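For reference, structure-v8.pdb (PDB, C-alpha atoms, pLDDT in the B column):
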```
MODEL        1
ATOM      1  CA  MET A   1      18.906  12.578   2.784  1.00 66.00           C
ATOM      2  CA  ASP A   2      16.604  11.759  -0.157  1.00 83.00           C
ATOM      3  CA  LYS A   3      13.266  10.260   0.663  1.00 90.00           C
ATOM      4  CA  PRO A   4      13.058   6.572  -0.303  1.00 93.00           C
ATOM      5  CA  ARG A   5      11.489   5.892  -3.681  1.00 96.00           C
ATOM      6  CA  ILE A   6       9.765   2.772  -4.927  1.00 96.00           C
ATOM      7  CA  PRO A   7       9.961   2.534  -8.722  1.00 95.00           C
ATOM      8  CA  LEU A   8       6.737   1.529 -10.456  1.00 95.00           C
ATOM      9  CA  GLN A   9       6.410  -0.177 -13.787  1.00 91.00           C
ATOM     10  CA  ILE A  10       4.179   0.920 -16.600  1.00 89.00           C
ATOM     11  CA  VAL A  11       2.904  -2.000 -18.670  1.00 82.00           C
ATOM     12  CA  ASN A  12       0.200  -1.351 -21.268  1.00 78.00           C
ATOM     13  CA  ASP A  13      -0.258   2.131 -19.741  1.00 83.00           C
ATOM     14  CA  MET A  14      -1.097   0.687 -16.318  1.00 88.00           C
ATOM     15  CA  ILE A  15       1.024   1.344 -13.260  1.00 93.00           C
ATOM     16  CA  SER A  16       2.087  -1.705 -11.308  1.00 93.00           C
ATOM     17  CA  VAL A  17       4.537  -2.833  -8.673  1.00 95.00           C
ATOM     18  CA  MET A  18       5.756  -6.225  -7.529  1.00 95.00           C
ATOM     19  CA  VAL A  19       5.277  -6.689  -3.800  1.00 96.00           C
ATOM     20  CA  GLY A  20       6.272  -9.424  -1.369  1.00 96.00           C
ATOM     21  CA  VAL A  21       3.195 -10.090   0.772  1.00 97.00           C
ATOM     22  CA  ARG A  22       3.017 -11.937   4.062  1.00 96.00           C
ATOM     23  CA  ILE A  23      -0.271 -12.462   5.877  1.00 94.00           C
ATOM     24  CA  ARG A  24       0.648 -13.545   9.371  1.00 91.00           C
ATOM     25  CA  SER A  25      -2.889 -14.347  10.462  1.00 89.00           C
ATOM     26  CA  LEU A  26      -3.365 -16.789   7.564  1.00 92.00           C
ATOM     27  CA  ARG A  27       0.257 -18.004   7.470  1.00 92.00           C
ATOM     28  CA  VAL A  28       0.663 -17.420   3.757  1.00 95.00           C
ATOM     29  CA  SER A  29       3.125 -15.445   1.674  1.00 95.00           C
ATOM     30  CA  GLY A  30       3.936 -14.786  -1.938  1.00 95.00           C
ATOM     31  CA  ILE A  31       4.737 -12.184  -4.549  1.00 96.00           C
ATOM     32  CA  ILE A  32       1.900 -10.148  -6.008  1.00 96.00           C
ATOM     33  CA  LYS A  33       1.711  -7.664  -8.830  1.00 95.00           C
ATOM     34  CA  PHE A  34      -0.423  -4.785  -7.582  1.00 96.00           C
ATOM     35  CA  PHE A  35      -1.915  -2.135  -9.814  1.00 95.00           C
ATOM     36  CA  VAL A  36      -1.643   1.289  -8.244  1.00 96.00           C
ATOM     37  CA  ASP A  37      -5.094   2.812  -8.557  1.00 94.00           C
ATOM     38  CA  THR A  38      -5.837   6.086  -6.824  1.00 92.00           C
ATOM     39  CA  GLY A  39      -9.394   5.765  -8.140  1.00 90.00           C
ATOM     40  CA  SER A  40      -9.971   2.943  -5.700  1.00 91.00           C
ATOM     41  CA  PRO A  41     -10.595   3.861  -2.063  1.00 92.00           C
ATOM     42  CA  GLU A  42      -9.914   0.250  -1.049  1.00 92.00           C
ATOM     43  CA  SER A  43      -6.842  -1.938  -1.385  1.00 95.00           C
ATOM     44  CA  PHE A  44      -7.201  -5.651  -1.928  1.00 95.00           C
ATOM     45  CA  ILE A  45      -5.656  -8.844  -3.198  1.00 96.00           C
ATOM     46  CA  GLY A  46      -7.508 -10.262  -6.197  1.00 93.00           C
ATOM     47  CA  GLU A  47      -8.927 -13.770  -6.147  1.00 91.00           C
ATOM     48  CA  ASP A  48      -6.427 -15.191  -8.657  1.00 90.00           C
ATOM     49  CA  ASP A  49      -3.488 -13.957  -6.586  1.00 94.00           C
ATOM     50  CA  ALA A  50      -5.115 -15.178  -3.376  1.00 94.00           C
ATOM     51  CA  ILE A  51      -5.591 -18.660  -4.850  1.00 91.00           C
ATOM     52  CA  ARG A  52      -2.010 -18.653  -6.139  1.00 92.00           C
ATOM     53  CA  MET A  53      -0.830 -17.788  -2.599  1.00 94.00           C
ATOM     54  CA  LYS A  54      -3.047 -20.554  -1.209  1.00 93.00           C
ATOM     55  CA  VAL A  55      -5.095 -18.193   0.950  1.00 95.00           C
ATOM     56  CA  PRO A  56      -7.741 -20.289   2.714  1.00 94.00           C
ATOM     57  CA  MET A  57     -10.722 -18.416   1.266  1.00 92.00           C
ATOM     58  CA  SER A  58     -13.243 -20.365   3.380  1.00 92.00           C
ATOM     59  CA  HIS A  59     -11.689 -18.846   6.535  1.00 90.00           C
ATOM     60  CA  LEU A  60     -12.619 -15.319   5.458  1.00 93.00           C
ATOM     61  CA  ASN A  61     -15.846 -13.471   6.009  1.00 93.00           C
ATOM     62  CA  PHE A  62     -16.779 -11.737   2.739  1.00 93.00           C
ATOM     63  CA  ASN A  63     -19.211  -9.285   4.304  1.00 91.00           C
ATOM     64  CA  LYS A  64     -18.421  -6.161   2.313  1.00 91.00           C
ATOM     65  CA  ASN A  65     -19.491  -5.534  -1.285  1.00 90.00           C
ATOM     66  CA  ALA A  66     -18.091  -3.206  -3.918  1.00 87.00           C
ATOM     67  CA  LEU A  67     -18.658  -2.458  -7.581  1.00 84.00           C
ATOM     68  CA  MET A  68     -15.633  -2.584  -9.820  1.00 79.00           C
ATOM     69  CA  GLY A  69     -16.084  -1.731 -13.479  1.00 70.00           C
ATOM     70  CA  GLY A  70     -19.745  -2.709 -13.148  1.00 71.00           C
ATOM     71  CA  THR A  71     -18.924  -6.061 -11.574  1.00 79.00           C
ATOM     72  CA  LYS A  72     -19.917  -6.784  -8.020  1.00 84.00           C
ATOM     73  CA  ILE A  73     -17.098  -8.060  -5.864  1.00 88.00           C
ATOM     74  CA  SER A  74     -17.054  -9.179  -2.255  1.00 92.00           C
ATOM     75  CA  LEU A  75     -14.321  -8.203   0.135  1.00 94.00           C
ATOM     76  CA  GLY A  76     -13.115 -10.218   3.101  1.00 95.00           C
ATOM     77  CA  GLN A  77     -10.983  -8.334   5.584  1.00 94.00           C
ATOM     78  CA  ILE A  78      -7.620  -9.689   6.693  1.00 94.00           C
ATOM     79  CA  SER A  79      -5.289  -8.605   9.465  1.00 90.00           C
ATOM     80  CA  GLY A  80      -1.551  -8.753   9.921  1.00 88.00           C
ATOM     81  CA  ALA A  81      -0.587  -8.100   6.308  1.00 94.00           C
ATOM     82  CA  GLU A  82       2.986  -7.006   5.642  1.00 96.00           C
ATOM     83  CA  PHE A  83       4.313  -5.702   2.359  1.00 97.00           C
ATOM     84  CA  SER A  84       7.905  -5.647   1.074  1.00 96.00           C
ATOM     85  CA  PHE A  85       8.940  -3.327  -1.736  1.00 96.00           C
ATOM     86  CA  VAL A  86      12.280  -2.848  -3.447  1.00 94.00           C
ATOM     87  CA  SER A  87      13.444   0.758  -3.365  1.00 94.00           C
ATOM     88  CA  ALA A  88      15.225   2.546  -6.206  1.00 94.00           C
ATOM     89  CA  ASP A  89      18.578   1.942  -4.466  1.00 93.00           C
ATOM     90  CA  GLY A  90      17.852  -1.771  -4.064  1.00 91.00           C
ATOM     91  CA  ASN A  91      16.928  -1.741  -0.376  1.00 92.00           C
ATOM     92  CA  GLN A  92      13.881  -3.408   1.050  1.00 93.00           C
ATOM     93  CA  ILE A  93      11.042  -1.201   2.298  1.00 95.00           C
ATOM     94  CA  LYS A  94       8.551  -2.855   4.628  1.00 95.00           C
ATOM     95  CA  LEU A  95       5.083  -1.391   4.976  1.00 96.00           C
ATOM     96  CA  SER A  96       1.882  -2.574   6.565  1.00 92.00           C
ATOM     97  CA  ALA A  97      -1.834  -1.896   6.412  1.00 89.00           C
ATOM     98  CA  GLU A  98      -4.391  -1.975   9.186  1.00 82.00           C
ATOM     99  CA  ASN A  99      -7.190  -2.624   6.727  1.00 81.00           C
ATOM    100  CA  PHE A 100      -6.632  -4.871   3.778  1.00 93.00           C
ATOM    101  CA  SER A 101      -8.934  -7.254   1.986  1.00 95.00           C
ATOM    102  CA  ILE A 102      -9.137 -10.242  -0.276  1.00 95.00           C
ATOM    103  CA  ALA A 103     -11.548  -9.792  -3.192  1.00 93.00           C
ATOM    104  CA  LYS A 104     -13.839 -12.456  -4.561  1.00 90.00           C
ATOM    105  CA  GLY A 105     -15.783 -12.154  -7.783  1.00 80.00           C
ATOM    106  CA  ALA A 106     -15.397 -13.231 -11.381  1.00 67.00           C
ATOM    107  CA  TRP A 107     -16.899 -12.706 -14.794  1.00 68.00           C
ATOM    108  CA  LYS A 108     -16.684 -14.614 -18.051  1.00 66.00           C
ATOM    109  CA  ARG A 109     -15.817 -13.311 -21.483  1.00 67.00           C
ATOM    110  CA  ASP A 110     -15.139 -15.418 -24.592  1.00 66.00           C
ATOM    111  CA  GLY A 111     -14.832 -18.505 -22.425  1.00 67.00           C
ATOM    112  CA  ILE A 112     -12.127 -16.942 -20.273  1.00 67.00           C
ATOM    113  CA  ILE A 113     -12.843 -16.511 -16.592  1.00 67.00           C
ATOM    114  CA  HIS A 114     -11.512 -13.228 -15.270  1.00 69.00           C
ATOM    115  CA  THR A 115     -11.071 -12.243 -11.681  1.00 72.00           C
ATOM    116  CA  ASN A 116     -10.169  -8.867 -10.307  1.00 80.00           C
ATOM    117  CA  PRO A 117      -6.561  -7.750 -10.198  1.00 90.00           C
ATOM    118  CA  SER A 118      -4.840  -6.864  -6.939  1.00 94.00           C
ATOM    119  CA  ILE A 119      -5.109  -3.173  -6.170  1.00 95.00           C
ATOM    120  CA  LEU A 120      -3.109  -0.744  -4.064  1.00 96.00           C
ATOM    121  CA  GLY A 121      -5.648   1.999  -3.568  1.00 95.00           C
ATOM    122  CA  ALA A 122      -5.738   5.450  -2.077  1.00 95.00           C
ATOM    123  CA  ASP A 123      -6.150   4.068   1.463  1.00 94.00           C
ATOM    124  CA  PHE A 124      -2.790   2.285   1.303  1.00 95.00           C
ATOM    125  CA  LEU A 125      -0.982   5.357  -0.042  1.00 96.00           C
ATOM    126  CA  LYS A 126      -2.571   7.512   2.662  1.00 94.00           C
ATOM    127  CA  SER A 127      -1.912   5.245   5.623  1.00 93.00           C
ATOM    128  CA  ASN A 128       1.723   4.743   4.617  1.00 95.00           C
ATOM    129  CA  ASN A 129       2.455   8.394   3.725  1.00 95.00           C
ATOM    130  CA  LEU A 130       3.228   7.571   0.111  1.00 96.00           C
ATOM    131  CA  MET A 131       3.278  10.145  -2.657  1.00 96.00           C
ATOM    132  CA  LEU A 132       2.533   8.912  -6.188  1.00 97.00           C
ATOM    133  CA  VAL A 133       4.508  10.546  -8.979  1.00 96.00           C
ATOM    134  CA  TYR A 134       3.287   9.620 -12.465  1.00 96.00           C
ATOM    135  CA  TYR A 135       4.592  11.156 -15.655  1.00 94.00           C
ATOM    136  CA  PRO A 136       3.157   9.009 -18.480  1.00 91.00           C
ATOM    137  CA  SER A 137       4.799  10.742 -21.428  1.00 91.00           C
ATOM    138  CA  GLY A 138       8.166  10.284 -19.738  1.00 92.00           C
ATOM    139  CA  ASN A 139       7.314   6.646 -18.893  1.00 90.00           C
ATOM    140  CA  LEU A 140       8.085   7.440 -15.275  1.00 95.00           C
ATOM    141  CA  ALA A 141       6.217   6.464 -12.137  1.00 96.00           C
ATOM    142  CA  PHE A 142       7.292   5.983  -8.545  1.00 97.00           C
ATOM    143  CA  LEU A 143       6.056   6.092  -4.991  1.00 97.00           C
ATOM    144  CA  ARG A 144       7.919   8.306  -2.540  1.00 96.00           C
ATOM    145  CA  LEU A 145       7.866   7.638   1.152  1.00 94.00           C
ATOM    146  CA  GLU A 146       7.074  11.001   2.736  1.00 93.00           C
ATOM    147  CA  ASN A 147       7.749  12.203   6.266  1.00 74.00           C
ATOM    148  CA  THR A 148       9.863   9.211   7.216  1.00 60.00           C
ATOM    149  CA  LYS A 149      12.305  11.380   9.143  1.00 52.00           C
ATOM    150  CA  GLU A 150       9.544  13.377  10.752  1.00 51.00           C
ATOM    151  CA  LYS A 151       7.782  10.183  11.713  1.00 52.00           C
ATOM    152  CA  GLN A 152      10.989   8.762  13.186  1.00 47.00           C
ATOM    153  CA  GLU A 153      11.620  11.977  15.130  1.00 52.00           C
ATOM    154  CA  GLN A 154       8.059  11.983  16.348  1.00 50.00           C
ATOM    155  CA  THR A 155       8.418   8.365  17.507  1.00 47.00           C
ATOM    156  CA  ALA A 156      11.715   9.219  19.219  1.00 51.00           C
ATOM    157  CA  ASN A 157      10.149  12.226  20.964  1.00 57.00           C
ATOM    158  CA  GLU A 158       7.206  10.120  22.083  1.00 54.00           C
ATOM    159  CA  SER A 159       9.650   7.550  23.539  1.00 51.00           C
ATOM    160  CA  GLU A 160      11.542  10.293  25.402  1.00 58.00           C
ATOM    161  CA  THR A 161       8.313  11.670  26.801  1.00 56.00           C
ATOM    162  CA  ALA A 162       7.264   8.210  27.866  1.00 54.00           C
ATOM    163  CA  THR A 163      10.602   7.526  29.621  1.00 52.00           C
ATOM    164  CA  PRO A 164      10.417   8.632  33.267  1.00 51.00           C
ATOM    165  CA  SER A 165      13.174  11.123  34.200  1.00 45.00           C
ATOM    166  CA  THR A 166      15.512  10.196  37.038  1.00 42.00           C
TER     167      THR A 166
ATOM    168  CA  MET B   1      12.706 -13.612  -5.024  1.00 85.00           C
ATOM    169  CA  LEU B   2      11.044 -10.189  -5.084  1.00 89.00           C
ATOM    170  CA  GLN B   3      13.857  -8.741  -7.180  1.00 88.00           C
ATOM    171  CA  LYS B   4      13.558 -11.666  -9.597  1.00 91.00           C
ATOM    172  CA  ALA B   5       9.798 -11.052  -9.925  1.00 90.00           C
ATOM    173  CA  GLU B   6      10.494  -7.351 -10.522  1.00 89.00           C
ATOM    174  CA  LYS B   7      12.959  -8.308 -13.239  1.00 91.00           C
ATOM    175  CA  ASP B   8      10.335 -10.543 -14.858  1.00 93.00           C
ATOM    176  CA  ASN B   9       7.760  -7.736 -14.699  1.00 90.00           C
ATOM    177  CA  GLY B  10      10.313  -5.397 -16.308  1.00 89.00           C
ATOM    178  CA  TRP B  11      10.894  -7.956 -19.036  1.00 93.00           C
ATOM    179  CA  LEU B  12       7.129  -8.074 -19.678  1.00 92.00           C
ATOM    180  CA  GLN B  13       7.084  -4.285 -19.812  1.00 89.00           C
ATOM    181  CA  ARG B  14       9.781  -4.253 -22.492  1.00 92.00           C
ATOM    182  CA  ASN B  15       8.357  -7.161 -24.491  1.00 95.00           C
ATOM    183  CA  PHE B  16       4.639  -6.574 -24.054  1.00 92.00           C
ATOM    184  CA  GLU B  17       3.767  -6.163 -27.735  1.00 93.00           C
ATOM    185  CA  ARG B  18       5.557  -9.388 -28.737  1.00 95.00           C
ATOM    186  CA  VAL B  19       4.028 -11.314 -25.803  1.00 96.00           C
ATOM    187  CA  ARG B  20       0.590  -9.992 -26.759  1.00 94.00           C
ATOM    188  CA  GLU B  21       1.021 -11.202 -30.360  1.00 95.00           C
ATOM    189  CA  GLU B  22       2.055 -14.650 -29.154  1.00 96.00           C
ATOM    190  CA  HIS B  23      -0.402 -15.129 -26.253  1.00 96.00           C
ATOM    191  CA  PRO B  24      -3.533 -13.042 -26.886  1.00 93.00           C
ATOM    192  CA  ASN B  25      -6.282 -13.510 -24.269  1.00 90.00           C
ATOM    193  CA  LYS B  26      -4.229 -16.058 -22.374  1.00 92.00           C
ATOM    194  CA  PHE B  27      -2.944 -16.270 -18.843  1.00 93.00           C
ATOM    195  CA  ILE B  28       0.819 -16.734 -18.836  1.00 96.00           C
ATOM    196  CA  ALA B  29       3.467 -17.533 -16.230  1.00 96.00           C
ATOM    197  CA  ILE B  30       6.828 -15.780 -16.524  1.00 96.00           C
ATOM    198  CA  ASP B  31       9.977 -17.160 -14.968  1.00 96.00           C
ATOM    199  CA  ASP B  32      13.528 -15.960 -15.597  1.00 95.00           C
ATOM    200  CA  GLU B  33      12.334 -13.621 -18.339  1.00 96.00           C
ATOM    201  CA  LYS B  34      10.613 -16.419 -20.274  1.00 96.00           C
ATOM    202  CA  VAL B  35       6.995 -17.473 -20.727  1.00 97.00           C
ATOM    203  CA  ILE B  36       6.979 -20.957 -19.196  1.00 97.00           C
ATOM    204  CA  ALA B  37       3.237 -21.734 -19.302  1.00 97.00           C
ATOM    205  CA  GLU B  38       0.023 -20.470 -20.822  1.00 96.00           C
ATOM    206  CA  GLY B  39      -3.630 -21.300 -20.407  1.00 94.00           C
ATOM    207  CA  SER B  40      -7.189 -20.052 -20.697  1.00 90.00           C
ATOM    208  CA  GLY B  41      -7.501 -19.633 -16.924  1.00 88.00           C
ATOM    209  CA  SER B  42      -5.133 -18.820 -14.118  1.00 89.00           C
ATOM    210  CA  SER B  43      -5.862 -22.134 -12.378  1.00 89.00           C
ATOM    211  CA  GLU B  44      -4.732 -23.997 -15.505  1.00 93.00           C
ATOM    212  CA  VAL B  45      -1.463 -22.043 -15.516  1.00 95.00           C
ATOM    213  CA  ILE B  46      -0.948 -22.579 -11.769  1.00 94.00           C
ATOM    214  CA  GLU B  47      -1.407 -26.327 -12.295  1.00 95.00           C
ATOM    215  CA  LYS B  48       1.130 -26.369 -15.146  1.00 96.00           C
ATOM    216  CA  VAL B  49       3.651 -24.422 -13.057  1.00 96.00           C
ATOM    217  CA  GLU B  50       3.208 -26.789 -10.106  1.00 96.00           C
ATOM    218  CA  LYS B  51       3.734 -29.784 -12.423  1.00 97.00           C
ATOM    219  CA  MET B  52       7.096 -28.252 -13.373  1.00 96.00           C
ATOM    220  CA  GLY B  53       8.024 -28.372  -9.673  1.00 96.00           C
ATOM    221  CA  LYS B  54       7.948 -24.589  -9.344  1.00 94.00           C
ATOM    222  CA  ASN B  55       6.141 -22.480  -6.756  1.00 93.00           C
ATOM    223  CA  PRO B  56       3.456 -20.282  -8.373  1.00 94.00           C
ATOM    224  CA  SER B  57       3.225 -18.105  -5.224  1.00 93.00           C
ATOM    225  CA  ASN B  58       6.490 -16.445  -6.153  1.00 91.00           C
ATOM    226  CA  MET B  59       5.880 -16.114  -9.858  1.00 92.00           C
ATOM    227  CA  LEU B  60       4.361 -13.548 -12.172  1.00 93.00           C
ATOM    228  CA  ILE B  61       1.121 -14.936 -13.639  1.00 93.00           C
ATOM    229  CA  GLU B  62      -0.690 -12.486 -15.825  1.00 90.00           C
ATOM    230  CA  PHE B  63      -3.612 -12.155 -18.235  1.00 89.00           C
ATOM    231  CA  ILE B  64      -2.544 -10.758 -21.604  1.00 91.00           C
ATOM    232  CA  PRO B  65      -5.411  -8.964 -23.340  1.00 87.00           C
ATOM    233  CA  GLU B  66      -5.613  -9.106 -27.137  1.00 88.00           C
ATOM    234  CA  LYS B  67      -4.851  -5.936 -29.059  1.00 85.00           C
ATOM    235  CA  GLY B  68      -7.847  -3.627 -28.923  1.00 80.00           C
ATOM    236  CA  LEU B  69      -9.155  -5.053 -25.653  1.00 76.00           C
ATOM    237  CA  ILE B  70      -8.674  -2.433 -22.979  1.00 73.00           C
ATOM    238  CA  LEU B  71      -8.646  -3.414 -19.337  1.00 74.00           C
ATOM    239  CA  ILE B  72     -10.128  -0.693 -17.166  1.00 72.00           C
ATOM    240  CA  LEU B  73      -9.787  -0.953 -13.423  1.00 72.00           C
TER     241      LEU B  73
ENDMDL
END
```

The structure in this file should be written as structure tokens.
Amino acid sequence: MDKPRIPLQIVNDMISVMVGVRIRSLRVSGIIKFFVDTGSPESFIGEDDAIRMKVPMSHLNFNKNALMGGTKISLGQISGAEFSFVSADGNQIKLSAENFSIAKGAWKRDGIIHTNPSILGADFLKSNNLMLVYYPSGNLAFLRLENTKEKQEQTANESETATPST
Amino acid sequence: MLQKAEKDNGWLQRNFERVREEHPNKFIAIDDEKVIAEGSGSSEVIEKVEKMGKNPSNMLIEFIPEKGLILIL
């Protein structure tokens, strides 16, 4: 069986994906456009998207700092985040992340206030066994869920081991 | 809802150059493959969308850079 693929979109030469996000701990949900950025070791939801989703920012502890394109941003960790993707065959793929953050930080240019975009970084790809395939001249990009079968078999084997024999 | 948002993002992908000519350096909201609101800030667009009785949480709201302005992550 083919490994599930999540098609990515390339807009203005940037790779993005629409994701359904649910944060159980904060009781909020919404749809976010994430940029897939393997240059970022951290994944986070940008401030604009967080505000749009009505994330209660005052409930978060922004105790981690990062530099993004020369701009300092603060990261507040969240727990219980679930992510829904649409696979190439139209099925829903649900993934999660132990560590995920909300970013805070803005800069002004020509009277327009910019905040940071939402990023799916290398940590998310790694923790969910995702392979990124990007072929810019062919306008093709997708994520492939690796080792799903192996993971399922491993889980099944672990369950068998855990079940006491009669 | 997610598939609808994906469709809207695909529409933006196909029509990016035209959208950029019409809404340079603006935040825009896209619904059903149409730009339904624009503004200088995302909060302004969110407010406009809410006034239309729509839920901005499930909508694509995006900054469109002018031609020549490159966004680097």

### Message
I'd like to know which of B:Asp8, B:Ile36, B:Ile30, B:Gln13 is closest to Met52 (chain B), using all atoms listed in the file.
### Response
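Counting all atoms listed in the file, the residue closest to Met52 (chain B) is B:Ile36.
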
### Message
Can you tell me which residues surround Arg22 (chain A) at a distance of at most 12 Å, considering all atoms listed in the file, apart from same-chain residues fewer than 6 positions away, and format the answer as a VMD selection string?
### Response
(chain A and resid 28 to 32 45 50 53 to 55 78 to 85 94 to 97 100) or (chain B and resid 57 to 58)

As a check of understanding, name the residues that the ChimeraX specification (/A :<8) & /B selects in the supplied structure, as an MDAnalysis selection string. chainID B and resid 2:3 5:6 9:10 12:13 16 25 40:43 46 56:60 72:73

List the spatial neighbours of Arg5 (chain A) as a CSV table (one decimal) with C-alpha atoms, in the frame of the given file - criterion: any atom at most 9 Å away, all atoms listed in the file, same-chain residues fewer than 6 positions off excluded.
```
chain,number,residue,atom,x,y,z
A,86,VAL,CA,12.3,-2.8,-3.4
A,87,SER,CA,13.4,0.8,-3.4
A,88,ALA,CA,15.2,2.5,-6.2
A,89,ASP,CA,18.6,1.9,-4.5
A,142,PHE,CA,7.3,6.0,-8.5
A,143,LEU,CA,6.1,6.1,-5.0
A,144,ARG,CA,7.9,8.3,-2.5
A,145,LEU,CA,7.9,7.6,1.2
```

Taking all listed atoms of region 44-52 of chain B, build the axis-aligned box, pad each of the six sides by 8 Å, then write its centre and edge lengths in Å to one decimal as lines of an AutoDock Vina configuration file.
```
center_x = 1.2
center_y = -25.9
center_z = -12.8
size_x = 27.8
size_y = 23.7
size_z = 21.4
```

Nearest to Ile28 (chain B), restricted to all atoms listed in the file and choosing among B:Glu47, B:Glu62, B:Arg14, B:Lys4, comes out as B:Glu62

Nearest to Lys34 (chain B), chosen from B:Gly68, B:Lys7, B:Glu21, B:Phe63, with all atoms listed in the file counted in the distances
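Checking each candidate against Lys34 (chain B), we get B:Lys7 as the closest.
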
Here is a test: counting all atoms listed in the file, which residue of B:Ile64, B:Leu71, B:Val45, B:Met1 is nearest to Arg18 (chain B)?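 Between B:Ile64, B:Leu71, B:Val45, B:Met1, the residue approaching Arg18 (chain B) most closely is B:Ile64.
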
- [ ] Find the distance between CA of Arg27 (chain A) and CA of Pro7 (chain A) and write it in Å to one decimal.
- [x]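 Separating CA of Arg27 (chain A) from CA of Pro7 (chain A) is a distance of 27.9 Å.
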